[in-house]
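Quick look at start.cif (mmCIF, C-alpha atoms and all ligand atoms):
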data_protein
#
loop_
_atom_site.label_atom_id
_atom_site.label_comp_id
_atom_site.auth_asym_id
_atom_site.auth_seq_id
_atom_site.Cartn_x
_atom_site.Cartn_y
_atom_site.Cartn_z
CA MET V 1 -97.87 27.50 21.28
CA ASN V 2 -94.43 29.02 21.54
CA THR V 3 -92.99 26.98 18.68
CA THR V 4 -91.31 29.59 16.49
CA PRO V 5 -88.65 31.78 18.08
CA SER V 6 -88.53 35.51 17.35
CA PRO V 7 -85.13 36.65 15.98
CA ALA V 8 -83.99 38.27 19.23
CA GLN V 9 -85.11 35.41 21.43
CA ARG V 10 -82.51 33.21 23.12
CA LYS V 11 -83.03 29.50 22.58
CA ALA V 12 -82.64 26.63 25.02
CA VAL V 13 -82.89 22.91 24.48
CA ALA V 14 -84.38 20.99 27.42
CA LEU V 15 -83.73 17.32 28.20
CA ILE V 16 -87.25 15.95 28.67
CA SER V 17 -87.44 12.56 30.36
CA GLY V 18 -91.19 12.69 30.87
CA GLY V 19 -90.88 13.09 34.65
CA LEU V 20 -91.79 16.07 36.79
CA ASP V 21 -88.31 17.56 37.25
CA SER V 22 -87.62 18.15 33.58
CA LEU V 23 -91.14 19.53 33.15
CA LEU V 24 -90.59 22.11 35.90
CA ALA V 25 -87.08 23.02 34.77
CA ALA V 26 -88.29 23.75 31.24
CA LYS V 27 -91.28 25.69 32.54
CA LEU V 28 -89.09 27.99 34.67
CA VAL V 29 -87.00 28.84 31.62
CA LEU V 30 -90.00 29.26 29.30
CA ASP V 31 -91.41 31.76 31.77
CA GLN V 32 -88.29 33.86 31.25
CA GLY V 33 -89.27 34.41 27.62
CA ILE V 34 -86.74 31.91 26.28
CA HIS V 35 -87.66 29.77 23.26
CA VAL V 36 -87.47 26.16 24.47
CA GLU V 37 -87.55 22.90 22.53
CA GLY V 38 -87.33 19.45 24.11
CA LEU V 39 -85.07 16.49 23.41
CA ASN V 40 -85.84 12.98 24.51
CA PHE V 41 -83.33 10.18 24.02
CA PHE V 42 -84.36 6.62 23.30
CA THR V 43 -81.65 4.24 24.53
CA GLY V 44 -83.70 1.04 24.19
CA PHE V 45 -83.86 0.72 27.98
CA CYS V 46 -86.42 3.48 28.57
CA VAL V 47 -89.34 2.41 30.71
CA GLU V 48 -91.53 4.60 28.52
CA GLY V 49 -94.24 2.81 26.63
CA HIS V 50 -92.82 -0.60 25.93
CA THR V 51 -93.93 -3.02 28.60
CA HIS V 52 -97.22 -1.18 28.79
CA ALA V 53 -97.66 -1.75 25.11
CA ILE V 54 -96.92 -5.43 25.44
CA ARG V 55 -98.70 -6.44 28.60
CA GLN V 56 -102.44 -6.31 28.32
CA ARG V 57 -103.02 -6.19 32.03
CA ASP V 58 -101.41 -2.75 32.13
CA ASN V 59 -103.99 -1.50 29.69
CA PRO V 60 -106.83 -0.02 31.76
CA LYS V 61 -105.01 3.30 32.00
CA PRO V 62 -104.72 4.90 28.56
CA LYS V 63 -101.18 4.60 27.32
CA ARG V 64 -99.27 7.75 26.72
CA ASN V 65 -95.71 8.75 26.08
CA ASN V 66 -94.83 10.95 29.02
CA ALA V 67 -92.21 12.99 27.19
CA LEU V 68 -94.78 13.90 24.51
CA TRP V 69 -97.30 14.66 27.25
CA VAL V 70 -94.82 17.01 28.97
CA ALA V 71 -94.06 18.80 25.70
CA GLU V 72 -97.76 19.26 25.09
CA GLN V 73 -98.29 20.69 28.58
CA LEU V 74 -95.49 23.16 27.93
CA GLY V 75 -96.51 23.93 24.36
CA ILE V 76 -93.02 23.15 23.05
CA LYS V 77 -91.68 20.97 20.26
CA LEU V 78 -90.15 17.64 21.21
CA HIS V 79 -87.52 15.78 19.23
CA ILE V 80 -87.15 12.10 20.10
CA ILE V 81 -83.69 10.86 19.21
CA ASP V 82 -82.74 7.24 18.64
CA VAL V 83 -79.41 6.70 20.45
CA ILE V 84 -79.58 2.90 20.64
CA GLU V 85 -76.24 2.39 18.85
CA PRO V 86 -74.05 5.04 20.50
CA TYR V 87 -75.55 4.20 23.89
CA LYS V 88 -73.96 0.74 23.78
CA GLN V 89 -70.55 2.22 24.56
CA VAL V 90 -72.02 4.08 27.53
CA LEU V 91 -73.53 0.96 29.02
CA LEU V 92 -70.74 -1.46 28.17
CA ASN V 93 -67.78 0.70 29.19
CA PRO V 94 -68.87 3.32 31.69
CA LYS V 95 -65.88 5.32 32.88
CA HIS V 96 -67.55 5.96 36.23
CA GLY V 97 -69.00 2.49 36.69
CA TYR V 98 -72.51 1.44 37.60
CA GLY V 99 -75.01 2.40 40.28
CA ALA V 100 -76.87 -0.16 42.40
CA ASN V 101 -77.67 -2.21 39.28
CA LEU V 102 -76.47 -1.91 35.67
CA ASN V 103 -77.32 1.80 35.53
CA PRO V 104 -74.32 3.86 34.38
CA CYS V 105 -76.09 7.08 35.45
CA LEU V 106 -73.15 9.45 35.54
CA ASP V 107 -71.82 8.45 32.11
CA CYS V 108 -75.38 8.38 30.82
CA LYS V 109 -76.06 11.95 31.95
CA SER V 110 -72.82 13.22 30.40
CA PHE V 111 -73.64 11.35 27.19
CA MET V 112 -77.13 12.84 26.96
CA VAL V 113 -76.00 16.38 27.74
CA GLY V 114 -73.20 15.91 25.19
CA LYS V 115 -75.76 14.82 22.56
CA ALA V 116 -77.93 17.81 23.49
CA LEU V 117 -74.91 20.06 22.99
CA GLU V 118 -74.34 18.61 19.51
CA TRP V 119 -78.00 19.20 18.72
CA ALA V 120 -77.88 22.75 20.13
CA GLN V 121 -74.83 23.60 18.03
CA ALA V 122 -76.35 22.13 14.87
CA ASN V 123 -79.62 24.01 15.41
CA ASP V 124 -78.19 27.27 16.69
CA PHE V 125 -79.48 27.03 20.26
CA ASP V 126 -77.76 28.92 23.09
CA PHE V 127 -77.90 26.65 26.11
CA ILE V 128 -79.10 23.37 27.62
CA ILE V 129 -81.51 22.75 30.50
CA THR V 130 -81.86 19.64 32.65
CA GLY V 131 -84.13 18.86 35.58
CA GLU V 132 -81.24 17.67 37.76
CA VAL V 133 -81.41 18.39 41.48
CA ILE V 134 -78.36 18.22 43.72
CA GLY V 135 -78.46 15.30 46.13
CA GLN V 136 -81.44 13.67 44.46
CA ARG V 137 -79.74 10.63 42.98
CA PRO V 138 -76.88 8.83 44.66
CA MET V 139 -74.67 8.68 41.59
CA SER V 140 -75.30 11.31 38.97
CA GLN V 141 -76.81 14.12 40.98
CA ARG V 142 -74.35 14.68 43.81
CA ALA V 143 -72.65 18.01 44.50
CA ASP V 144 -69.32 16.55 43.39
CA THR V 145 -70.67 14.91 40.23
CA MET V 146 -72.62 17.89 38.85
CA PRO V 147 -69.39 19.46 37.50
CA VAL V 148 -68.38 16.09 36.00
CA VAL V 149 -71.43 16.15 33.70
CA GLN V 150 -70.64 19.75 32.74
CA ARG V 151 -67.05 18.88 31.94
CA GLU V 152 -67.40 15.51 30.28
CA SER V 153 -70.35 16.51 28.12
CA GLY V 154 -68.42 19.52 26.86
CA ALA V 155 -71.39 21.76 27.70
CA GLY V 156 -69.50 23.65 30.43
CA ASP V 157 -71.35 26.73 31.54
CA ARG V 158 -73.98 26.37 28.82
CA LEU V 159 -75.61 23.77 31.05
CA LEU V 160 -78.27 25.23 33.31
CA ARG V 161 -80.06 23.27 36.05
CA PRO V 162 -82.88 25.64 36.95
CA LEU V 163 -84.18 23.60 39.90
CA CYS V 164 -80.95 23.81 41.89
CA ALA V 165 -79.09 26.65 40.14
CA LYS V 166 -78.75 28.67 43.33
CA HIS V 167 -76.45 26.01 44.76
CA LEU V 168 -74.21 26.16 41.70
CA ALA V 169 -71.95 28.78 40.15
CA PRO V 170 -73.72 31.17 37.75
CA THR V 171 -73.84 29.80 34.22
CA LEU V 172 -73.52 31.65 30.92
CA PRO V 173 -77.28 32.32 30.49
CA GLU V 174 -77.36 33.82 33.98
CA ARG V 175 -74.20 35.90 33.56
CA GLU V 176 -75.33 37.21 30.20
CA GLY V 177 -78.69 38.19 31.68
CA TRP V 178 -80.68 35.90 29.35
CA ILE V 179 -82.09 34.40 32.54
CA ASP V 180 -82.65 36.16 35.83
CA ARG V 181 -80.84 34.07 38.46
CA ASP V 182 -83.29 35.27 41.09
CA THR V 183 -86.08 33.31 39.43
CA LEU V 184 -84.10 30.06 39.63
CA LEU V 185 -84.46 27.62 42.53
CA ASP V 186 -82.46 26.04 45.32
CA PHE V 187 -83.93 22.54 45.50
CA ASN V 188 -81.70 20.01 47.12
CA GLY V 189 -81.91 16.42 48.35
CA ARG V 190 -84.24 13.53 47.85
CA SER V 191 -87.51 15.06 49.01
CA ARG V 192 -90.05 15.42 46.21
CA LYS V 193 -92.25 17.83 48.16
CA PRO V 194 -90.87 21.11 46.71
CA GLN V 195 -91.36 19.77 43.18
CA MET V 196 -94.90 18.69 43.97
CA ALA V 197 -95.70 22.06 45.52
CA LEU V 198 -94.32 23.87 42.47
CA ALA V 199 -96.30 21.59 40.14
CA ALA V 200 -99.44 22.44 42.08
CA ARG V 201 -98.66 26.17 41.77
CA TYR V 202 -98.34 25.80 38.01
CA GLY V 203 -101.47 23.68 37.87
CA PHE V 204 -99.73 20.58 36.48
CA LYS V 205 -101.73 17.49 37.36
CA ASP V 206 -101.46 13.89 36.33
CA TYR V 207 -97.70 14.02 35.75
CA ALA V 208 -95.74 10.77 35.70
CA THR V 209 -94.03 9.58 38.86
CA PRO V 210 -91.83 6.70 37.75
CA ALA V 211 -90.53 4.67 40.65
CA GLY V 212 -86.83 3.96 40.62
CA GLY V 213 -85.69 6.07 37.70
CA CYS V 214 -86.14 6.56 34.01
CA CYS V 215 -84.84 3.26 32.70
CA PHE V 216 -84.82 -0.51 33.14
CA LEU V 217 -81.13 -0.50 34.01
CA THR V 218 -82.00 0.59 37.56
CA ASP V 219 -84.11 -2.55 37.93
CA ALA V 220 -82.41 -5.47 39.72
CA SER V 221 -84.29 -8.22 37.94
CA TYR V 222 -83.76 -6.66 34.50
CA SER V 223 -80.05 -6.20 35.20
CA ARG V 224 -79.75 -9.83 36.28
CA LYS V 225 -81.24 -10.95 32.98
CA LEU V 226 -78.85 -8.78 31.03
CA VAL V 227 -75.83 -10.18 32.89
CA ASP V 228 -77.14 -13.70 32.28
CA LEU V 229 -77.42 -12.94 28.55
CA TRP V 230 -73.82 -11.76 28.41
CA GLN V 231 -72.58 -14.78 30.36
CA ALA V 232 -74.45 -17.22 28.16
CA ARG V 233 -73.10 -15.61 24.99
CA GLY V 234 -69.60 -15.24 26.37
CA ALA V 235 -69.58 -11.61 25.20
CA ARG V 236 -70.86 -8.31 26.53
CA GLU V 237 -72.91 -7.15 23.57
CA TYR V 238 -76.55 -6.74 22.63
CA GLU V 239 -78.96 -5.82 19.89
CA LEU V 240 -82.26 -4.03 20.29
CA ASP V 241 -84.26 -7.27 20.04
CA ASP V 242 -82.24 -8.79 22.89
CA ILE V 243 -82.97 -5.99 25.29
CA MET V 244 -86.64 -5.81 24.30
CA LEU V 245 -87.06 -9.52 24.99
CA LEU V 246 -85.58 -9.09 28.47
CA LYS V 247 -88.60 -6.94 29.30
CA VAL V 248 -91.05 -9.66 28.38
CA GLY V 249 -92.06 -12.98 29.96
CA ARG V 250 -90.53 -15.28 32.54
CA HIS V 251 -86.92 -16.15 31.78
CA ILE V 252 -85.85 -19.63 32.82
CA ARG V 253 -82.43 -21.20 32.25
CA PRO V 254 -82.60 -24.95 32.91
CA ARG V 255 -79.19 -25.60 31.34
CA PRO V 256 -76.24 -23.24 30.80
CA HIS V 257 -76.58 -23.43 27.02
CA PHE V 258 -80.25 -22.54 26.63
CA LYS V 259 -82.93 -20.42 28.17
CA MET V 260 -86.68 -20.24 27.79
CA ILE V 261 -88.85 -17.14 27.54
CA VAL V 262 -92.36 -17.94 28.70
CA GLY V 263 -95.19 -15.52 27.85
CA ARG V 264 -97.18 -14.52 30.92
CA GLU V 265 -100.34 -13.45 29.15
CA GLU V 266 -101.87 -12.91 25.72
CA GLY V 267 -100.18 -9.58 25.04
CA GLU V 268 -96.77 -11.10 25.74
CA ASN V 269 -97.58 -14.20 23.69
CA ASN V 270 -98.46 -11.99 20.72
CA PHE V 271 -95.25 -10.05 21.12
CA LEU V 272 -93.15 -13.24 21.35
CA GLU V 273 -94.91 -14.61 18.28
CA GLY V 274 -93.12 -11.94 16.25
CA TYR V 275 -89.78 -13.63 17.05
CA ARG V 276 -90.72 -17.06 15.75
CA LYS V 277 -88.18 -16.94 12.93
CA GLN V 278 -85.29 -16.31 15.31
CA PHE V 279 -86.05 -18.89 17.99
CA ILE V 280 -87.43 -22.38 18.45
CA GLN V 281 -91.01 -22.00 19.52
CA LEU V 282 -93.07 -24.25 21.81
CA ARG V 283 -96.80 -24.17 22.34
CA SER V 284 -99.19 -26.54 24.07
CA ILE V 285 -101.84 -27.88 21.69
CA SER V 286 -103.79 -30.19 23.99
CA HIS V 287 -104.40 -27.45 26.58
CA ARG V 288 -104.27 -23.69 26.67
CA GLY V 289 -100.78 -22.52 27.42
CA PRO V 290 -98.20 -19.83 26.87
CA LEU V 291 -95.99 -19.31 23.88
CA VAL V 292 -92.41 -20.23 24.76
CA LEU V 293 -89.23 -19.27 22.89
CA ILE V 294 -85.99 -21.18 23.29
CA ASP V 295 -82.78 -19.20 23.06
CA GLY V 296 -79.76 -21.45 22.45
CA GLU V 297 -78.89 -24.69 20.65
CA VAL V 298 -80.82 -27.62 22.07
CA SER V 299 -80.57 -31.41 21.82
CA ASP V 300 -83.67 -33.63 21.69
CA GLU V 301 -83.27 -34.26 25.40
CA ASP V 302 -83.10 -30.50 26.11
CA LEU V 303 -86.19 -30.00 24.01
CA ARG V 304 -88.12 -32.57 26.04
CA LEU V 305 -87.10 -30.87 29.26
CA ALA V 306 -88.15 -27.49 27.83
CA ALA V 307 -91.51 -28.96 26.80
CA GLN V 308 -92.06 -30.35 30.32
CA ILE V 309 -91.33 -26.92 31.77
CA ALA V 310 -93.52 -25.16 29.19
CA ALA V 311 -96.37 -27.55 30.01
CA ARG V 312 -96.06 -26.57 33.65
CA PHE V 313 -97.17 -23.02 32.75
CA GLY V 314 -100.30 -24.01 30.85
CA GLN V 315 -103.70 -25.31 31.88
CA GLY V 316 -102.47 -28.86 31.48
CA ARG V 317 -100.08 -28.53 34.43
CA GLU V 318 -101.91 -31.25 36.40
CA ALA V 319 -102.52 -33.51 33.38
CA GLU V 320 -100.75 -36.82 32.84
CA GLN V 321 -99.72 -35.88 29.31
CA VAL V 322 -99.59 -32.61 27.45
CA ALA V 323 -99.09 -32.34 23.69
CA LEU V 324 -96.90 -29.51 22.48
CA GLN V 325 -95.95 -28.31 19.06
CA VAL V 326 -92.33 -27.43 18.40
CA VAL V 327 -91.63 -25.10 15.50
CA ARG V 328 -88.03 -24.66 14.42
CA HIS V 329 -86.45 -21.55 12.85
CA ASN V 330 -86.92 -23.01 9.37
CA GLY V 331 -90.64 -23.61 9.95
CA GLU V 332 -90.29 -27.41 10.42
CA SER V 333 -92.58 -28.62 13.15
CA GLN V 334 -92.98 -31.71 15.31
CA GLN V 335 -95.17 -32.79 18.19
CA LEU V 336 -94.06 -33.87 21.65
CA GLN V 337 -96.07 -35.61 24.36
CA VAL V 338 -94.71 -34.92 27.83
CA LYS V 339 -95.63 -35.07 31.48
CA PRO V 340 -95.46 -31.54 32.93
CA LEU V 341 -92.82 -30.94 35.60
CA GLY V 342 -94.17 -30.32 39.07
CA GLY V 343 -93.52 -26.90 40.60
CA GLU V 344 -90.99 -28.43 43.02
CA GLN V 345 -89.06 -29.93 40.09
CA ILE V 346 -88.17 -26.48 38.80
CA PRO V 347 -85.42 -25.21 41.11
CA PRO V 348 -85.64 -21.49 41.96
CA GLU V 349 -82.14 -20.93 40.54
CA TRP V 350 -83.44 -21.74 37.05
CA TYR V 351 -85.46 -18.53 37.17
CA ILE V 352 -83.32 -15.64 36.00
CA MET A 1 -97.66 16.77 -3.25
CA SER A 2 -96.76 13.20 -2.54
CA SER A 3 -98.35 10.41 -0.62
CA GLN A 4 -96.08 7.95 1.16
CA GLN A 5 -96.27 4.97 3.44
CA LEU A 6 -94.21 4.06 6.48
CA ASP A 7 -94.12 0.49 7.73
CA ALA A 8 -93.60 0.67 11.50
CA ARG A 9 -95.03 -2.78 12.20
CA ARG A 10 -93.49 -4.71 15.08
CA LEU A 11 -91.82 -1.60 16.40
CA LEU A 12 -92.76 -0.58 19.91
CA CYS A 13 -93.34 3.01 20.93
CA PRO A 14 -91.57 5.35 20.80
CA LEU A 15 -89.90 3.86 17.69
CA PRO A 16 -92.93 4.41 15.42
CA VAL A 17 -92.93 8.06 16.51
CA ILE A 18 -89.18 8.37 15.86
CA ARG A 19 -89.54 6.82 12.39
CA THR A 20 -92.50 9.12 11.62
CA GLN A 21 -90.57 12.17 12.80
CA ASP A 22 -87.52 11.24 10.71
CA LYS A 23 -89.65 10.61 7.61
CA VAL A 24 -91.69 13.83 7.94
CA LYS A 25 -88.44 15.81 8.13
CA HIS A 26 -87.89 15.02 4.46
CA MET A 27 -91.46 15.72 3.31
CA GLN A 28 -93.11 18.92 2.12
CA PRO A 29 -96.20 20.76 3.46
CA GLY A 30 -99.31 19.17 1.98
CA ASP A 31 -97.66 15.72 1.61
CA GLN A 32 -99.45 12.79 3.19
CA LEU A 33 -97.92 9.96 5.16
CA GLU A 34 -99.68 6.75 6.12
CA VAL A 35 -98.01 5.05 9.10
CA ILE A 36 -98.82 1.38 9.73
CA CYS A 37 -98.08 0.05 13.21
CA THR A 38 -98.82 -2.95 15.38
CA ASP A 39 -98.23 -1.21 18.73
CA PRO A 40 -101.60 0.31 19.65
CA GLY A 41 -99.67 2.89 21.70
CA ALA A 42 -99.03 4.62 18.37
CA LEU A 43 -102.71 5.60 18.33
CA SER A 44 -102.07 8.03 21.15
CA ASP A 45 -98.39 8.83 20.56
CA ILE A 46 -98.41 9.74 16.85
CA PRO A 47 -101.38 12.12 17.16
CA ALA A 48 -99.72 13.67 20.25
CA TRP A 49 -96.53 14.13 18.25
CA CYS A 50 -98.57 15.73 15.43
CA ARG A 51 -100.32 18.15 17.81
CA ILE A 52 -96.96 19.23 19.26
CA ASN A 53 -95.34 19.69 15.90
CA GLY A 54 -98.34 21.22 14.15
CA HIS A 55 -99.11 18.42 11.66
CA LYS A 56 -102.63 17.27 10.89
CA VAL A 57 -104.00 13.77 11.53
CA LEU A 58 -106.42 13.04 8.69
CA ARG A 59 -107.58 9.63 9.92
CA THR A 60 -106.83 6.77 12.24
CA GLU A 61 -108.01 3.19 11.80
CA GLN A 62 -107.55 0.09 13.88
CA ASP A 63 -108.24 -3.45 12.72
CA ALA A 64 -106.86 -6.97 13.07
CA GLY A 65 -103.95 -5.97 15.23
CA GLU A 66 -102.88 -3.12 12.94
CA VAL A 67 -103.17 0.59 13.34
CA ARG A 68 -103.09 3.02 10.40
CA ILE A 69 -102.61 6.74 10.89
CA VAL A 70 -102.71 9.19 7.99
CA ILE A 71 -100.92 12.48 8.52
CA GLU A 72 -100.83 15.63 6.46
CA VAL A 73 -97.52 17.43 6.79
CA GLN A 74 -98.02 21.14 7.55
S1 LIG F 1 -81.71 5.85 35.23
FE1 LIG F 1 -81.07 5.10 33.20
S2 LIG F 1 -81.60 6.77 31.77
FE2 LIG F 1 -81.64 7.63 33.85
S3 LIG F 1 -79.57 8.50 34.13
FE3 LIG F 1 -79.53 6.40 34.98
S4 LIG F 1 -78.82 5.13 33.30
FE4 LIG F 1 -79.48 7.07 32.39
#
What do you get writing this file as C-alpha cells?
Ligand code: SF4
Amino acid sequence: MNTTPSPAQRKAVALISGGLDSLLAAKLVLDQGIHVEGLNFFTGFCVEGHTHAIRQRDNPKPKRNNALWVAEQLGIKLHIIDVIEPYKQVLLNPKHGYGANLNPCLDCKSFMVGKALEWAQANDFDFIITGEVIGQRPMSQRADTMPVVQRESGAGDRLLRPLCAKHLAPTLPEREGWIDRDTLLDFNGRSRKPQMALAARYGFKDYATPAGGCCFLTDASYSRKLVDLWQARGAREYELDDIMLLKVGRHIRPRPHFKMIVGREEGENNFLEGYRKQFIQLRSISHRGPLVLIDGEVSDEDLRLAAQIAARFGQGREAEQVALQVVRHNGESQQLQVKPLGGEQIPPEWYI
Amino acid sequence: MSSQQLDARRLLCPLPVIRTQDKVKHMQPGDQLEVICTDPGALSDIPAWCRINGHKVLRTEQDAGEVRIVIEVQ
C-alpha cells in the first residue's frame, strides 16, 4: 500500500464518492507517482449504506461502503468527514439554487472542494483531485460551471480534474511538472462508456453504479418529503434524525398538523422503534402490523384516525375491529379498537 | 496501553466508522478499542476501514442485534 509518502513526493487529496469517476481520477494520479489520500464527506443525505442497513429486503447483497471499497482498491487511506452541520447552510441557502429536485449540486461541489482545500492545507498536501467530467451533470459539471467550483472553493488552479483535464486550462500540478498533462484525459458528456472501458483496462470490477447521483437530494420523492417537513414546521431547518427518518417507511399526512411514518418491513420497524421516546407510537396487537410513529400534536379524534390508517397496513386490514396499542412519549399507553380504513378511504394526496 | 469502549449504537453507517476514526486519532499504538454498534453494516465497514488504515481487528461478535468489534491501534 502506498500509505506513507516519501519526502520528495507530491501529495494530492482525492474526493472519493464511491463511484467510478472518482476511482479512475485518483488512479490516474496515483500512477504518476503522487501520494494520494481520499476524503469522503458525510452530509447526512448520502445514499451510502443507510437505507440498505435499515431495509432487510436489500440484504442479499453484502453491504459495503463504496468509498471504503474504492480506497481499498487503490491502496490509499480514506478519511470520512462528518459535515452534517456545515452542510445545512449549503442546502438551505444555495447561492446557485437547486437542480431538478432539492439538490444544490453546484454549491455542494464548491463546498466539498473548499473543505478538501482546508484539509489539504492543514495536512500539507499540494493539490486536490475530483472525478468531475465536463458535460456529465446538468448543473455542476458544465463547461461554464467548472470554473465556478474552482473560484468559489478557493482551490483555484490547485484543483485538478484528471478525467477531463485536456478540455481545461493547465493547472498548477501540470504546469509545475508534478503531473504529465499528456497522461490526463479528455472525457466529455454524459456517456459512461469511456469510463467503463478505462475501468476494464485497469481491471476494476464490481464498482458501484449509483443511479441518479450520490445523494438523496436528487430523488423526487425524498425532496417532496423534505419540503413537506419544512412546511409542517413552518421553518426550513432539520436535524440528522429528521433526514434519516425521511429515508424510512411510508409517510402519510392525513391532517396538516400531523403525519404518520409507517414501517414497511421488519428492518424499518426495528429502526423506527429506536425513536419511540420522541414520537407517539402505534402498533396493532390483535393482528400483525407495522410500527407507526406519529409526528405532530394529535387530539383523540386524530389518534383514532391514525389508528384506522395504521390498521389498514397490517394483517387485520379486512377485519371488523383491530386492537392497537398507543404509547406516548412519556411511556403511558392505552388501547384503541378501530375499524381499519378501506384503501379507497385514504386519498392519494395523503401520501407524501 | 489503554483499552477503551465506543458506543456507536443506533448510529447508521458510515457514522460508526467516523466515530471510530475520530477516536483512534487520539489513541496510541497498542491501545485497544471496542466499538459497539447496532448497524450490522459496521461488520464490513469497520474492518474495511482498519485494513485501509493499517489497524488490526482482534475480534468481531454479533448477538441480539448488537455488533462488537475490537480493534488494536497500530
Ligand atoms: S448529488 Fe448530492 S452530493 Fe452529489 S453534488 Fe449533488 S447535492 Fe452534492
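Between atom CA of A:Asp7 and atom CA of A:Ile36 the interatomic distance comes to 5.2 Å.
Closest approach to chain V among A:Thr60, A:Gln74, A:Gln32, A:Thr38: A:Thr38, based on all atoms listed in the file.
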Next on the checklist: Should the cut-off be 8 Å, what would the residue list for chain V against chain A look like, counting all atoms listed in the file, as a VMD selection string?
Outcome noted: chain V and resid 42 48 to 50 53 63 to 65 68 to 69 71 to 72 75 to 82 274
Next on the checklist: Quick one: residues within 7 Å of stretch 258-265 of chain V, all atoms listed in the file, excluding same-chain residues fewer than 6 positions away - as a PyMOL selection string?
Outcome noted: chain V and resi 249-252+290-298
Next on the checklist: Neighbouring residues of ligand LIG 1 (chain F) are defined here as those with any atom at most 7 Å from a ligand atom, counting only C-alpha atoms and all ligand atoms; list them as a PyMOL selection string.
Outcome noted: chain V and resi 46+103-106+108-109+213-218
Item to check | Test item: residues at most 12 Å from V:Pro348, all atoms listed in the file, excluding those fewer than 3 positions along its chain, as a VMD selection string | outcome: chain V and resid 251 to 254 343 to 345 351 to 352
Item to check | d(atom CA of V:Glu320, atom CA of V:Leu282) in Å | outcome: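 Separation between atom CA of V:Glu320 and atom CA of V:Leu282: 18.4 Å.
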Item to check | Interatomic distance, atom CA of V:Ala67 to atom CA of V:Gly19 (Å, one decimal) | outcome: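 Computing the Euclidean distance for atom CA of V:Ala67 and atom CA of V:Gly19 yields 7.6 Å.
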Checklist outcome for this item: Counting only C-alpha atoms, the residue among A:Met1, A:Leu58, A:Ile69, A:Ala64 that lies closest to A:Pro29 is A:Met1
Checklist entry - Looking at only C-alpha atoms, which of A:His55, A:Val35, A:Met27, A:Pro47 is the one that sits closest to A:Val67? => result A:Val35
Checklist entry - Which neighbours of V:Phe204 fall inside 12 Å, counting only C-alpha atoms, when residues of the same chain fewer than 4 positions from it are skipped, and could you give them as a list in words? => result Gly19, Leu20, Asp21, Leu23, Leu24, Lys27, Trp69, Val70, Glu72, Gln73, Leu74, Gln195, Met196, Ala197, Leu198, Ala199, Ala200 and Ala208 of chain V
Only N, CA and C atoms needed: put stretch 62-73 of chain V from the block into a file as a tab-separated table (two decimals), in the first residue's frame.
chain	number	residue	atom	x	y	z
V	62	PRO	N	-24.06	-8.43	-0.01
V	62	PRO	CA	-23.37	-7.97	1.19
V	62	PRO	C	-23.23	-6.45	1.17
V	63	LYS	N	-23.46	-5.85	2.32
V	63	LYS	CA	-23.38	-4.39	2.38
V	63	LYS	C	-21.93	-3.97	2.36
V	64	ARG	N	-21.66	-2.87	1.71
V	64	ARG	CA	-20.32	-2.34	1.80
V	64	ARG	C	-20.40	-0.84	1.63
V	65	ASN	N	-19.41	-0.16	2.16
V	65	ASN	CA	-19.33	1.28	1.96
V	65	ASN	C	-18.46	1.47	0.73
V	66	ASN	N	-19.05	2.06	-0.31
V	66	ASN	CA	-18.33	2.12	-1.59
V	66	ASN	C	-17.09	2.98	-1.54
V	67	ALA	N	-17.10	4.03	-0.72
V	67	ALA	CA	-15.91	4.88	-0.64
V	67	ALA	C	-14.75	4.09	-0.02
V	68	LEU	N	-15.06	3.29	1.02
V	68	LEU	CA	-14.01	2.46	1.62
V	68	LEU	C	-13.53	1.41	0.62
V	69	TRP	N	-14.47	0.87	-0.14
V	69	TRP	CA	-14.12	-0.14	-1.15
V	69	TRP	C	-13.16	0.46	-2.19
V	70	VAL	N	-13.49	1.68	-2.64
V	70	VAL	CA	-12.64	2.35	-3.64
V	70	VAL	C	-11.23	2.56	-3.06
V	71	ALA	N	-11.17	3.04	-1.82
V	71	ALA	CA	-9.86	3.30	-1.21
V	71	ALA	C	-9.05	2.01	-1.12
V	72	GLU	N	-9.75	0.93	-0.83
V	72	GLU	CA	-9.04	-0.35	-0.71
V	72	GLU	C	-8.54	-0.82	-2.08
V	73	GLN	N	-9.34	-0.61	-3.11
V	73	GLN	CA	-8.89	-0.96	-4.47
V	73	GLN	C	-7.63	-0.19	-4.84
